[in-house]
file model-v6.txt (compact mmCIF, C-alpha atoms and all ligand atoms)
# COMPACT_ATOMS: atom_id res chain seq x y z
CA MET A 205 -71.84 -20.00 95.20
CA SER A 206 -73.80 -23.19 95.62
CA LEU A 207 -71.94 -24.61 92.69
CA PHE A 208 -68.69 -23.67 94.39
CA ASN A 209 -69.75 -25.42 97.61
CA PHE A 210 -70.72 -28.48 95.70
CA ALA A 211 -67.35 -28.58 94.04
CA ARG A 212 -65.58 -28.23 97.34
CA LYS A 213 -67.56 -30.82 99.18
CA LYS A 214 -67.01 -33.45 96.59
CA GLN A 215 -63.27 -33.92 96.84
CA PRO A 216 -61.98 -35.63 93.73
CA LYS A 217 -61.31 -39.24 94.53
CA SER A 218 -57.87 -39.27 92.98
CA ALA A 219 -56.64 -36.58 95.38
CA GLN A 220 -57.67 -38.75 98.34
CA THR A 221 -55.81 -41.67 96.79
CA ALA A 222 -52.73 -39.50 96.38
CA LYS A 223 -52.87 -38.48 100.04
CA ASN A 224 -53.29 -42.04 101.27
CA ARG A 225 -50.44 -43.31 99.14
CA LEU A 226 -48.16 -40.59 100.42
CA GLN A 227 -49.08 -41.18 104.04
CA ILE A 228 -48.26 -44.86 103.82
CA LEU A 229 -45.04 -44.33 101.92
CA LEU A 230 -43.75 -41.49 104.08
CA ALA A 231 -44.53 -43.34 107.30
CA HIS A 232 -42.16 -46.04 106.10
CA GLU A 233 -39.52 -43.66 104.81
CA ARG A 234 -39.49 -41.54 107.95
CA SER A 235 -39.29 -44.52 110.28
CA GLY A 236 -36.00 -45.33 108.64
CA GLY A 237 -34.59 -42.10 110.11
CA GLY A 238 -33.49 -40.82 106.74
CA ALA A 239 -32.09 -44.12 105.55
CA SER A 240 -34.46 -46.39 103.74
CA GLU A 241 -35.96 -49.06 105.95
CA THR A 242 -35.09 -51.61 103.33
CA ASP A 243 -31.37 -50.96 103.47
CA TYR A 244 -30.91 -54.05 105.62
CA LEU A 245 -32.53 -56.30 103.05
CA PRO A 246 -29.40 -57.22 101.08
CA MET A 247 -27.73 -58.23 104.36
CA LEU A 248 -30.79 -60.14 105.49
CA GLN A 249 -30.88 -61.97 102.19
CA ARG A 250 -27.20 -62.84 102.41
CA ASP A 251 -27.67 -64.24 105.92
CA ILE A 252 -30.67 -66.31 104.91
CA VAL A 253 -28.84 -67.74 101.92
CA ALA A 254 -25.83 -68.54 104.09
CA ALA A 255 -28.02 -70.28 106.65
CA ILE A 256 -29.73 -72.38 104.01
CA ARG A 257 -26.45 -73.21 102.32
CA LYS A 258 -25.32 -74.97 105.46
CA HIS A 259 -27.84 -77.62 104.51
CA VAL A 260 -28.67 -77.30 100.84
CA SER A 261 -26.71 -75.90 97.99
CA ILE A 262 -28.61 -73.07 96.36
CA GLY A 263 -27.53 -70.33 94.00
CA ASP A 264 -27.90 -66.58 94.53
CA LYS A 265 -30.48 -66.54 91.78
CA ASP A 266 -32.71 -69.04 93.56
CA VAL A 267 -33.77 -66.45 96.09
CA GLU A 268 -36.61 -64.07 95.40
CA VAL A 269 -37.58 -61.33 97.81
CA ARG A 270 -40.87 -59.48 97.54
CA MET A 271 -42.27 -56.70 99.63
CA GLU A 272 -45.72 -55.21 100.05
CA ARG A 273 -45.92 -52.18 102.31
CA GLY A 274 -49.22 -51.55 104.03
CA ASP A 275 -50.48 -48.90 106.43
CA GLU A 276 -51.06 -51.41 109.21
CA MET A 277 -48.25 -53.78 108.41
CA SER A 278 -45.88 -54.77 105.66
CA SER A 279 -45.14 -58.21 104.43
CA LEU A 280 -41.89 -59.61 103.21
CA GLU A 281 -42.08 -62.67 101.06
CA ILE A 282 -38.95 -64.71 100.51
CA ASN A 283 -39.12 -67.50 97.97
CA ILE A 284 -36.29 -69.94 97.80
CA GLU A 285 -36.10 -72.39 94.98
CA LEU A 286 -34.66 -75.64 96.29
CA PRO A 287 -32.87 -78.04 93.99
CA LEU A 288 -34.77 -81.21 93.16
CA THR A 289 -32.07 -83.64 94.07
CA GLY A 290 -29.15 -83.68 96.43
CA ALA A 291 -31.09 -81.75 99.01
CA HIS A 292 -28.70 -82.88 101.68
CA LYS A 293 -25.26 -81.47 101.50
CA ASP A 294 -22.49 -83.86 102.42
CA LYS A 295 -19.91 -82.34 104.60
CA MET B 465 -53.49 -56.72 80.34
CA THR B 466 -51.92 -59.59 78.48
CA THR B 467 -49.91 -58.96 75.38
CA GLU B 468 -48.59 -61.34 72.78
CA PRO B 469 -45.04 -62.38 73.56
CA LYS B 470 -42.66 -62.08 70.65
CA ASN B 471 -40.43 -64.87 69.47
CA THR B 472 -37.68 -62.68 68.06
CA PRO B 473 -34.55 -61.65 69.95
CA PRO B 474 -35.08 -58.46 71.96
CA LEU B 475 -34.39 -55.14 70.24
CA GLY B 476 -32.41 -53.88 73.23
CA ARG B 477 -32.87 -50.23 72.34
CA VAL B 478 -31.89 -47.68 75.00
CA ILE B 479 -33.90 -44.45 75.02
CA VAL B 480 -33.14 -41.60 77.42
CA ILE B 481 -35.88 -39.19 78.46
CA THR B 482 -34.05 -35.98 79.28
CA SER B 483 -34.52 -32.20 79.40
CA GLY B 484 -31.98 -30.26 81.37
CA LYS B 485 -34.64 -28.19 83.11
CA GLY B 486 -36.48 -29.74 86.03
CA GLY B 487 -40.18 -30.40 86.28
CA VAL B 488 -40.96 -30.34 82.58
CA GLY B 489 -42.47 -33.83 82.45
CA LYS B 490 -39.62 -36.35 82.09
CA THR B 491 -40.96 -38.82 84.63
CA THR B 492 -44.54 -38.42 83.37
CA SER B 493 -43.27 -39.06 79.84
CA SER B 494 -41.04 -41.98 80.87
CA ALA B 495 -44.02 -43.67 82.53
CA ALA B 496 -46.37 -42.98 79.62
CA ILE B 497 -43.93 -43.97 76.88
CA SER B 498 -42.81 -47.16 78.59
CA ALA B 499 -46.39 -48.20 79.30
CA GLY B 500 -47.34 -47.33 75.72
CA LEU B 501 -44.52 -49.46 74.29
CA ALA B 502 -45.38 -52.35 76.60
CA LYS B 503 -49.03 -52.11 75.59
CA GLN B 504 -47.98 -52.62 72.00
CA GLY B 505 -46.34 -55.88 73.02
CA PHE B 506 -42.73 -54.74 73.38
CA LYS B 507 -40.88 -55.99 76.43
CA THR B 508 -40.09 -52.71 78.13
CA VAL B 509 -38.25 -51.65 81.26
CA VAL B 510 -38.18 -48.14 82.67
CA ILE B 511 -35.22 -47.16 84.86
CA ASP B 512 -35.16 -44.33 87.38
CA PHE B 513 -31.80 -42.49 87.16
CA ASP B 514 -32.81 -39.84 89.69
CA VAL B 515 -30.73 -41.26 92.54
CA GLY B 516 -31.70 -39.89 95.93
CA LEU B 517 -35.02 -38.51 94.69
CA ARG B 518 -36.91 -41.61 93.73
CA ASN B 519 -40.19 -40.66 92.04
CA LEU B 520 -40.77 -43.00 89.15
CA ASP B 521 -42.02 -45.66 91.59
CA MET B 522 -44.83 -43.34 92.71
CA THR B 523 -45.74 -42.36 89.16
CA MET B 524 -45.88 -46.03 88.21
CA GLY B 525 -47.75 -46.94 91.40
CA CYS B 526 -45.30 -49.57 92.61
CA GLU B 527 -43.81 -47.65 95.55
CA ARG B 528 -44.97 -50.23 98.06
CA ARG B 529 -43.22 -53.04 96.26
CA VAL B 530 -39.69 -51.71 96.05
CA VAL B 531 -37.23 -54.08 97.68
CA PHE B 532 -33.93 -53.74 95.85
CA ASP B 533 -32.94 -50.98 93.50
CA PHE B 534 -30.68 -50.01 90.62
CA ILE B 535 -27.84 -49.08 93.00
CA ASN B 536 -28.09 -52.40 94.87
CA VAL B 537 -27.64 -54.12 91.52
CA ILE B 538 -24.70 -51.91 90.49
CA GLN B 539 -23.01 -52.59 93.82
CA GLY B 540 -23.65 -56.32 93.64
CA ASP B 541 -26.00 -56.43 96.63
CA ALA B 542 -28.85 -57.81 94.57
CA LYS B 543 -29.40 -59.55 91.28
CA LEU B 544 -31.08 -57.60 88.52
CA LYS B 545 -33.99 -60.03 88.50
CA GLN B 546 -34.64 -59.27 92.15
CA ALA B 547 -34.70 -55.52 91.66
CA LEU B 548 -37.01 -55.50 88.65
CA ILE B 549 -40.63 -54.91 89.55
CA LYS B 550 -43.17 -56.42 87.20
CA ASP B 551 -46.04 -54.12 86.42
CA LYS B 552 -49.38 -55.53 87.53
CA ARG B 553 -51.33 -53.99 84.65
CA VAL B 554 -49.20 -54.76 81.59
CA ASP B 555 -47.20 -57.97 81.75
CA THR B 556 -44.54 -56.80 79.28
CA LEU B 557 -43.62 -53.84 81.51
CA SER B 558 -41.01 -53.75 84.30
CA ILE B 559 -39.70 -51.00 86.51
CA LEU B 560 -36.18 -50.66 87.89
CA PRO B 561 -36.45 -48.22 90.79
CA THR B 562 -33.57 -46.17 92.07
CA SER B 563 -32.21 -45.69 95.56
CA GLN B 564 -33.77 -43.10 97.82
CA THR B 565 -30.80 -43.00 100.17
CA ARG B 566 -27.58 -43.11 98.16
CA ASP B 567 -26.06 -40.27 96.22
CA LYS B 568 -25.47 -39.92 92.53
CA ASP B 569 -21.84 -41.05 92.72
CA ALA B 570 -23.13 -44.57 93.23
CA LEU B 571 -23.99 -44.50 89.52
CA THR B 572 -20.73 -45.58 87.96
CA LYS B 573 -20.28 -45.74 84.22
CA ASP B 574 -19.15 -49.38 84.38
CA GLY B 575 -22.04 -50.29 86.64
CA VAL B 576 -24.61 -48.64 84.39
CA GLU B 577 -23.09 -50.29 81.33
CA LYS B 578 -23.26 -53.75 82.91
CA VAL B 579 -26.87 -53.38 83.96
CA LEU B 580 -27.89 -52.05 80.55
CA ALA B 581 -26.06 -54.91 78.83
CA GLU B 582 -28.00 -57.42 80.91
CA LEU B 583 -31.30 -55.65 80.25
CA LYS B 584 -30.62 -55.62 76.51
CA THR B 585 -30.65 -59.41 76.46
CA GLU B 586 -34.21 -59.41 77.69
CA PHE B 587 -35.97 -56.19 76.75
CA ASP B 588 -36.93 -54.51 73.51
CA TYR B 589 -36.93 -51.02 74.98
CA ILE B 590 -35.00 -49.67 77.93
CA ILE B 591 -36.33 -46.27 78.93
CA CYS B 592 -34.02 -44.15 81.09
CA ASP B 593 -35.77 -41.47 83.15
CA SER B 594 -33.08 -38.81 83.58
CA PRO B 595 -32.78 -36.48 86.55
CA ALA B 596 -32.91 -32.75 85.88
CA GLY B 597 -29.71 -30.86 85.28
CA ILE B 598 -26.64 -31.75 83.29
CA GLU B 599 -24.58 -33.21 86.12
CA HIS B 600 -23.41 -36.76 86.73
CA GLY B 601 -26.86 -38.39 87.03
CA ALA B 602 -28.12 -36.86 83.80
CA GLN B 603 -24.86 -37.74 82.05
CA MET B 604 -25.10 -41.37 83.15
CA ALA B 605 -28.72 -41.56 81.96
CA MET B 606 -27.79 -40.37 78.46
CA TYR B 607 -24.32 -41.87 78.02
CA PHE B 608 -25.31 -45.28 76.61
CA ALA B 609 -28.46 -44.15 74.79
CA ASP B 610 -29.30 -45.08 71.23
CA GLU B 611 -32.08 -42.52 71.12
CA ALA B 612 -33.12 -39.48 73.09
CA VAL B 613 -36.45 -37.87 73.79
CA VAL B 614 -35.84 -34.28 74.82
CA VAL B 615 -38.84 -33.13 76.84
CA THR B 616 -39.45 -29.42 76.34
CA ASN B 617 -42.10 -26.98 77.53
CA PRO B 618 -42.85 -24.05 75.22
CA GLU B 619 -41.13 -21.66 77.56
CA VAL B 620 -37.77 -19.86 77.27
CA SER B 621 -35.67 -21.56 79.94
CA SER B 622 -36.89 -25.01 79.03
CA VAL B 623 -36.05 -24.50 75.34
CA ARG B 624 -32.68 -23.09 76.22
CA ASP B 625 -31.87 -26.07 78.45
CA SER B 626 -33.07 -28.47 75.77
CA ASP B 627 -30.63 -26.90 73.37
CA ARG B 628 -27.87 -27.42 75.89
CA VAL B 629 -28.85 -31.05 76.37
CA LEU B 630 -28.93 -31.62 72.61
CA GLY B 631 -25.35 -30.37 72.55
CA LEU B 632 -24.36 -32.88 75.25
CA LEU B 633 -26.10 -35.71 73.44
CA SER B 634 -23.99 -35.06 70.37
CA SER B 635 -20.72 -34.75 72.27
CA GLN B 636 -20.69 -36.42 75.70
CA THR B 637 -22.15 -39.82 74.94
CA LYS B 638 -20.83 -43.23 73.95
CA ARG B 639 -22.12 -42.87 70.43
CA ALA B 640 -20.56 -39.43 70.11
CA GLU B 641 -17.22 -40.74 71.36
CA THR B 642 -17.19 -43.85 69.20
CA GLU B 643 -15.58 -43.38 65.83
CA GLY B 644 -17.98 -44.29 63.03
CA ALA B 645 -20.97 -44.83 65.30
CA GLU B 646 -24.30 -43.46 64.22
CA PRO B 647 -25.15 -40.42 66.35
CA ILE B 648 -27.92 -40.61 68.92
CA LYS B 649 -31.30 -40.12 67.33
CA ALA B 650 -32.69 -37.13 69.22
CA GLN B 651 -36.28 -35.96 69.01
CA VAL B 652 -38.13 -33.31 70.91
CA LEU B 653 -41.35 -33.98 72.80
CA ILE B 654 -43.18 -30.76 73.55
CA THR B 655 -45.28 -31.12 76.70
CA ARG B 656 -47.71 -28.93 78.64
CA TYR B 657 -48.71 -27.28 75.40
CA ASP B 658 -51.69 -24.98 75.82
CA SER B 659 -53.38 -24.24 72.49
CA THR B 660 -55.52 -21.48 73.93
CA ARG B 661 -52.50 -19.59 75.19
CA VAL B 662 -50.70 -20.22 71.93
CA GLU B 663 -53.66 -18.78 70.03
CA ASN B 664 -53.61 -15.76 72.30
CA GLY B 665 -49.95 -15.30 71.54
CA GLU B 666 -48.97 -16.02 75.15
CA MET B 667 -47.07 -19.21 74.44
CA MET B 668 -44.59 -20.14 71.73
CA THR B 669 -45.95 -22.33 68.96
CA VAL B 670 -44.64 -25.78 68.05
CA GLU B 671 -43.08 -24.24 64.95
CA ASP B 672 -41.30 -21.61 67.07
CA VAL B 673 -39.76 -24.28 69.30
CA LEU B 674 -38.73 -26.48 66.37
CA GLU B 675 -37.23 -23.58 64.50
CA ILE B 676 -34.98 -22.88 67.46
CA LEU B 677 -34.02 -26.45 68.34
CA ALA B 678 -33.83 -27.79 64.79
CA VAL B 679 -34.48 -31.43 65.66
CA PRO B 680 -37.38 -33.68 64.62
CA LEU B 681 -40.61 -33.54 66.61
CA LEU B 682 -41.74 -36.71 68.37
CA GLY B 683 -45.04 -35.29 69.55
CA VAL B 684 -46.97 -32.57 71.31
CA VAL B 685 -48.57 -33.38 74.65
CA PRO B 686 -51.16 -30.85 75.74
CA GLU B 687 -51.48 -29.43 79.22
CA SER B 688 -53.99 -31.88 80.63
CA LYS B 689 -55.78 -32.52 83.90
CA ALA B 690 -55.47 -36.22 83.21
CA VAL B 691 -51.75 -36.07 84.05
CA LEU B 692 -52.26 -35.05 87.67
CA ARG B 693 -55.11 -37.51 88.06
CA ALA B 694 -52.95 -40.33 86.75
CA SER B 695 -50.07 -39.41 89.03
CA ASN B 696 -52.42 -39.21 92.02
CA VAL B 697 -53.45 -42.80 91.51
CA GLY B 698 -50.05 -44.05 90.39
CA THR B 699 -50.96 -45.00 86.85
CA PRO B 700 -49.12 -44.04 83.67
CA VAL B 701 -51.48 -41.66 81.85
CA VAL B 702 -51.88 -44.00 78.86
CA LEU B 703 -53.28 -46.69 81.15
CA ASP B 704 -55.67 -44.34 82.93
CA GLY B 705 -58.54 -44.08 80.48
CA PRO B 706 -58.92 -41.86 77.44
CA SER B 707 -57.60 -38.32 77.55
CA ALA B 708 -55.95 -35.88 75.22
CA ALA B 709 -52.61 -36.43 76.95
CA ALA B 710 -52.92 -40.22 76.69
CA GLN B 711 -53.72 -39.96 72.99
CA ALA B 712 -50.75 -37.67 72.41
CA TYR B 713 -48.42 -40.10 74.18
CA GLU B 714 -49.83 -43.04 72.21
CA ASP B 715 -49.11 -41.13 69.00
CA ALA B 716 -45.57 -40.39 70.18
CA VAL B 717 -45.03 -44.07 70.99
CA SER B 718 -46.18 -45.07 67.51
CA ARG B 719 -43.70 -42.65 65.97
CA LEU B 720 -40.98 -43.96 68.25
CA ILE B 721 -41.43 -47.47 66.89
CA GLY B 722 -41.42 -46.19 63.35
CA THR B 723 -45.10 -45.96 62.48
CA SER B 724 -45.94 -42.73 60.76
CA VAL B 725 -48.78 -40.95 62.52
CA GLU B 726 -50.02 -37.60 61.33
CA MET B 727 -48.94 -34.86 63.71
CA ARG B 728 -51.97 -33.45 65.49
CA ILE B 729 -52.23 -31.09 68.35
CA LEU B 730 -54.79 -32.26 70.80
CA GLY B 731 -56.05 -29.57 73.08
CA GLU B 732 -58.95 -28.21 74.99
CA ARG B 733 -61.47 -28.56 72.18
CA ARG B 734 -60.45 -32.10 71.57
CA ALA B 735 -60.57 -32.66 75.30
CA GLY B 736 -64.16 -31.45 75.23
CA LEU B 737 -64.94 -34.10 72.70
CA PHE B 738 -63.30 -36.75 74.85
CA LYS B 739 -65.36 -35.63 77.78
CA ARG B 740 -68.56 -35.92 75.82
CA LEU B 741 -67.65 -39.31 74.46
CA PHE B 742 -66.26 -40.97 77.53
CA GLY B 743 -67.47 -38.86 80.40
CA ARG B 744 -64.04 -38.26 81.83
CA ALA B 745 -62.13 -35.04 82.29
CA SER B 746 -59.18 -34.49 79.99
N1 LIG C 801 -49.03 -32.58 80.01
C1 LIG C 801 -49.12 -32.19 81.29
N2 LIG C 801 -50.23 -31.53 81.72
C2 LIG C 801 -50.32 -31.13 82.99
N3 LIG C 801 -49.40 -31.33 83.93
C3 LIG C 801 -48.28 -31.98 83.58
C4 LIG C 801 -48.07 -32.44 82.24
N4 LIG C 801 -46.85 -33.05 82.19
C5 LIG C 801 -46.34 -32.98 83.43
N5 LIG C 801 -47.17 -32.34 84.28
C6 LIG C 801 -46.96 -32.08 85.70
O1 LIG C 801 -45.73 -31.43 85.86
C7 LIG C 801 -45.09 -31.83 87.06
C8 LIG C 801 -43.68 -32.32 86.79
O2 LIG C 801 -43.75 -33.51 86.02
P1 LIG C 801 -42.62 -34.62 86.10
O3 LIG C 801 -42.39 -35.05 87.49
O4 LIG C 801 -42.98 -35.64 85.09
O5 LIG C 801 -41.39 -33.77 85.60
P2 LIG C 801 -39.83 -34.16 85.62
O6 LIG C 801 -39.26 -33.51 84.42
O7 LIG C 801 -39.68 -35.62 85.75
O8 LIG C 801 -39.34 -33.46 86.95
P3 LIG C 801 -37.87 -33.62 87.60
O9 LIG C 801 -36.97 -32.75 86.79
O10 LIG C 801 -38.05 -33.11 88.99
O11 LIG C 801 -37.51 -35.06 87.54
C9 LIG C 801 -45.97 -32.88 87.68
O12 LIG C 801 -46.75 -32.30 88.69
C10 LIG C 801 -46.83 -33.35 86.54
O13 LIG C 801 -48.09 -33.79 86.99
MG MG C 802 -38.48 -36.79 87.15
call {"tool": "encode", "arguments": {"input": "model-v6.txt", "output": "structure tokens", "more": "lines below"}}
Ligand SMILES: Nc1ncnc2c1ncn2[C@@H]1O[C@H](COP(=O)(O)OP(=O)(O)OP(=O)(O)O)[C@@H](O)[C@H]1O
Ligand SMILES: [Mg+2]
result
Amino acid sequence: MSLFNFARKKQPKSAQTAKNRLQILLAHERSGGGASETDYLPMLQRDIVAAIRKHVSIGDKDVEVRMERGDEMSSLEINIELPLTGAHKDK
Amino acid sequence: MTTEPKNTPPLGRVIVITSGKGGVGKTTSSAAISAGLAKQGFKTVVIDFDVGLRNLDMTMGCERRVVFDFINVIQGDAKLKQALIKDKRVDTLSILPTSQTRDKDALTKDGVEKVLAELKTEFDYIICDSPAGIEHGAQMAMYFADEAVVVTNPEVSSVRDSDRVLGLLSSQTKRAETEGAEPIKAQVLITRYDSTRVENGEMMTVEDVLEILAVPLLGVVPESKAVLRASNVGTPVVLDGPSAAAQAYEDAVSRLIGTSVEMRILGERRAGLFKRLFGRAS
């Protein structure tokens, strides 16, 4: 019996990790109301590229978007590779 | 983990992990096999074909980093490079997650072909984690494959479904439809094998399963506690410390790349040895 209690008290660490991971992920998925919260990202990226293109000419491949979801907050990292020369676009 | 980059052109080999029956260990195997290949220095990408029920991201532990997915790439909303997630543990490993919100129809044959063609220019191995069933998603996962790993549990419905899938592999795929093409190389991976129950006559033996399916054996992965542990923490089992399951997957990976490894069935007794040696549960 005591052995049983001991086993119960000491919850395996990996199970706790599983629970935490799920809680974070599902909080994000549910907040999207069924649709993934990141569904707007392609549009957002297109708009950002369009805005930058008004000033500099960049290719679609020069944009890198990275995401890190957290329980408190998430961060979105957008890296844009600017061309070395001809930064100013002549109208 | 840093691995030696290779200076040869990529192999570009497409391998589908399929089964017919659900829940037999396709995603677990996709994660373990892709991580195992990457560990050996092969540039490897693992693709989730289970549209609408994304799970590979969790198994690989990159669920918080998904921005764009396979479907975004097929539909032209994102570049492939933007959707690929680089594994943080093995630098030769990438993950292409699927969409959680679209449906399977978003997987078009042309779209899949284009993405695979692009991946082939960069990767040695392209591992396709198939959804369960034999519907559209599963068909798309297997259609362009060069090789297939048919994941089978030693249990009647799983073996029956594997047989069905083997039939589809030899008839409903690009290689099957192309005159003169070599057929898909199909091998069976028996998972959740329990030696104790086999000894007690409660579970079919490896020989029983092979006799019925009549295809080569890639490996035997024992029922192992290490699999749940690894999935809890989001780590492919081969990257999560020594275990009988990890060893079995490593062996399977060696056979996949053409190294001959003696077939051994790792089980509870072996697991006991692992426990004594490394102090971790199997
Ligand atoms: N060798 C093993 N020992 C113990 N448990 C295992 C083993 N292989 C897989 N499992 C467990 O079986 C369950 C199903 O595994 P998995 O998700 O890999 O199957 P799947 O074939 O991808 O399922 P689906 O058809 O839903 O995509 C998981 O809970 C996993 O932890
Ligand atoms: Mg799966």
call {"tool": "closest_atom_pairs", "arguments": {"input": "model-v6.txt", "of": "chain B", "to": "ligand LIG 801 (chain C)", "cutoff": "7 Å", "atoms": "all atoms listed in the file", "output": "tab-separated table"}}
result
residue	atom	partner	partner_atom	distance
B:Lys485	CA	C:LIG801	O9	6.3
B:Gly486	CA	C:LIG801	O9	3.1
B:Gly487	CA	C:LIG801	O8	3.2
B:Val488	CA	C:LIG801	O6	4.0
B:Gly489	CA	C:LIG801	O4	3.2
B:Lys490	CA	C:LIG801	O6	3.7
B:Thr491	CA	C:LIG801	O7	3.6
B:Thr492	CA	C:LIG801	O4	3.6
B:Ser493	CA	C:LIG801	O4	6.3
B:Pro595	CA	C:LIG801	O11	5.0
B:Ala596	CA	C:LIG801	O9	4.2
B:Thr655	CA	C:LIG801	N1	5.2
B:Arg656	CA	C:LIG801	N1	4.1
B:Val685	CA	C:LIG801	N1	5.4
B:Pro686	CA	C:LIG801	N1	5.1
B:Glu687	CA	C:LIG801	N2	3.5
B:Ser688	CA	C:LIG801	N2	3.9
B:Lys689	CA	C:LIG801	C2	5.7
B:Val691	CA	C:LIG801	O13	5.2
B:Leu692	CA	C:LIG801	O13	4.4
B:Ser695	CA	C:LIG801	O13	6.3
B:Ala709	CA	C:LIG801	N1	6.1
call {"tool": "write_last_selection", "arguments": {"input": "model-v6.txt", "atoms": "C-alpha atoms", "output": "PDB file, in the coordinates of the input"}}
result
ATOM      1  CA  LYS B 485     -34.640 -28.190  83.110  1.00  0.00           C
ATOM      2  CA  GLY B 486     -36.480 -29.740  86.030  1.00  0.00           C
ATOM      3  CA  GLY B 487     -40.180 -30.400  86.280  1.00  0.00           C
ATOM      4  CA  VAL B 488     -40.960 -30.340  82.580  1.00  0.00           C
ATOM      5  CA  GLY B 489     -42.470 -33.830  82.450  1.00  0.00           C
ATOM      6  CA  LYS B 490     -39.620 -36.350  82.090  1.00  0.00           C
ATOM      7  CA  THR B 491     -40.960 -38.820  84.630  1.00  0.00           C
ATOM      8  CA  THR B 492     -44.540 -38.420  83.370  1.00  0.00           C
ATOM      9  CA  SER B 493     -43.270 -39.060  79.840  1.00  0.00           C
ATOM     10  CA  PRO B 595     -32.780 -36.480  86.550  1.00  0.00           C
ATOM     11  CA  ALA B 596     -32.910 -32.750  85.880  1.00  0.00           C
ATOM     12  CA  THR B 655     -45.280 -31.120  76.700  1.00  0.00           C
ATOM     13  CA  ARG B 656     -47.710 -28.930  78.640  1.00  0.00           C
ATOM     14  CA  VAL B 685     -48.570 -33.380  74.650  1.00  0.00           C
ATOM     15  CA  PRO B 686     -51.160 -30.850  75.740  1.00  0.00           C
ATOM     16  CA  GLU B 687     -51.480 -29.430  79.220  1.00  0.00           C
ATOM     17  CA  SER B 688     -53.990 -31.880  80.630  1.00  0.00           C
ATOM     18  CA  LYS B 689     -55.780 -32.520  83.900  1.00  0.00           C
ATOM     19  CA  VAL B 691     -51.750 -36.070  84.050  1.00  0.00           C
ATOM     20  CA  LEU B 692     -52.260 -35.050  87.670  1.00  0.00           C
ATOM     21  CA  SER B 695     -50.070 -39.410  89.030  1.00  0.00           C
ATOM     22  CA  ALA B 709     -52.610 -36.430  76.950  1.00  0.00           C
TER      23      ALA B 709
END
call {"tool": "interface_residues", "arguments": {"input": "model-v6.txt", "of": "chain B", "to": "chain A", "cutoff": "10 Å", "atoms": "all atoms listed in the file", "output": "VMD selection string"}}
result
chain B and resid 522 525 to 532 536 540 to 547 549 563 to 566 692 to 698
call {"tool": "residues_around", "arguments": {"input": "model-v6.txt", "residues": "A:Glu285", "least_positions_apart": "2", "cutoff": "7 Å", "atoms": "all atoms listed in the file", "output": "list in words"}}
result
Asp266, Val267, Asn283 and Pro287 of chain A
call {"tool": "residues_near_point", "arguments": {"input": "model-v6.txt", "point": "(-30.1, -39.6, 91.7)", "cutoff": "10 Å", "atoms": "only C-alpha atoms", "output": "list in words"}}
result
Asp512, Phe513, Asp514, Val515, Gly516, Leu517, Arg518, Ile535, Thr562, Ser563, Gln564, Thr565, Arg566, Asp567, Lys568, Asp569, Ala570, Leu571, Ser594, Pro595, Ala596, His600, Gly601 and Ala602 of chain B
call {"tool": "closest_residue", "arguments": {"input": "model-v6.txt", "among": "B:Ile559, B:Ile479, B:Ala678, B:Cys592", "to": "ligand MG 802 (chain C)", "atoms": "only C-alpha atoms and all ligand atoms"}}
result
B:Cys592
call {"tool": "closest_residue", "arguments": {"input": "model-v6.txt", "among": "B:Leu501, B:Ile598, B:Leu630, B:Leu520", "to": "ligand MG 802 (chain C)", "atoms": "only C-alpha atoms and all ligand atoms"}}
result
B:Leu520
call {"tool": "atom_distance", "arguments": {"input": "model-v6.txt", "atom1": "atom CA of B:Arg477", "atom2": "atom CA of B:Ala645"}}
result
14.8 Å
call {"tool": "axis_aligned_box", "arguments": {"input": "model-v6.txt", "around": "stretch 265-284 of chain A", "padding_each_side": "3 Å", "output": "AutoDock Vina command-line options"}}
result
--center_x -40.8 --center_y -59.4 --center_z 100.5 --size_x 26.6 --size_y 27.0 --size_z 23.4
call {"tool": "residues_around", "arguments": {"input": "model-v6.txt", "residues": "stretch 608-625 of chain B", "least_positions_apart": "3", "cutoff": "6 Å", "atoms": "all atoms listed in the file", "output": "compact mmCIF listing (two decimals) with C-alpha atoms, keeping the file's coordinate frame"}}
result
# COMPACT_ATOMS: atom_id res chain seq x y z
CA VAL B 478 -31.89 -47.68 75.00
CA ILE B 479 -33.90 -44.45 75.02
CA VAL B 480 -33.14 -41.60 77.42
CA ILE B 481 -35.88 -39.19 78.46
CA THR B 482 -34.05 -35.98 79.28
CA SER B 483 -34.52 -32.20 79.40
CA GLY B 484 -31.98 -30.26 81.37
CA LYS B 485 -34.64 -28.19 83.11
CA ARG B 628 -27.87 -27.42 75.89
CA LYS B 638 -20.83 -43.23 73.95
CA ILE B 648 -27.92 -40.61 68.92
CA LYS B 649 -31.30 -40.12 67.33
CA ALA B 650 -32.69 -37.13 69.22
CA GLN B 651 -36.28 -35.96 69.01
CA VAL B 652 -38.13 -33.31 70.91
CA LEU B 653 -41.35 -33.98 72.80
CA ILE B 654 -43.18 -30.76 73.55
CA THR B 655 -45.28 -31.12 76.70
CA MET B 668 -44.59 -20.14 71.73
call {"tool": "residues_near_point", "arguments": {"input": "model-v6.txt", "point": "(-51.8, -20.4, 74.2)", "cutoff": "12 Å", "atoms": "all atoms listed in the file", "output": "list in words"}}
result
Pro618, Glu619, Arg656, Tyr657, Asp658, Ser659, Thr660, Arg661, Val662, Glu663, Asn664, Gly665, Glu666, Met667, Met668, Thr669, Val670, Pro686, Glu687, Gly731 and Glu732 of chain B
call {"tool": "closest_residue", "arguments": {"input": "model-v6.txt", "among": "B:Ala495, B:Ile538, B:Ile729, B:Ile721", "to": "ligand MG 802 (chain C)", "atoms": "all atoms listed in the file"}}
result
B:Ala495
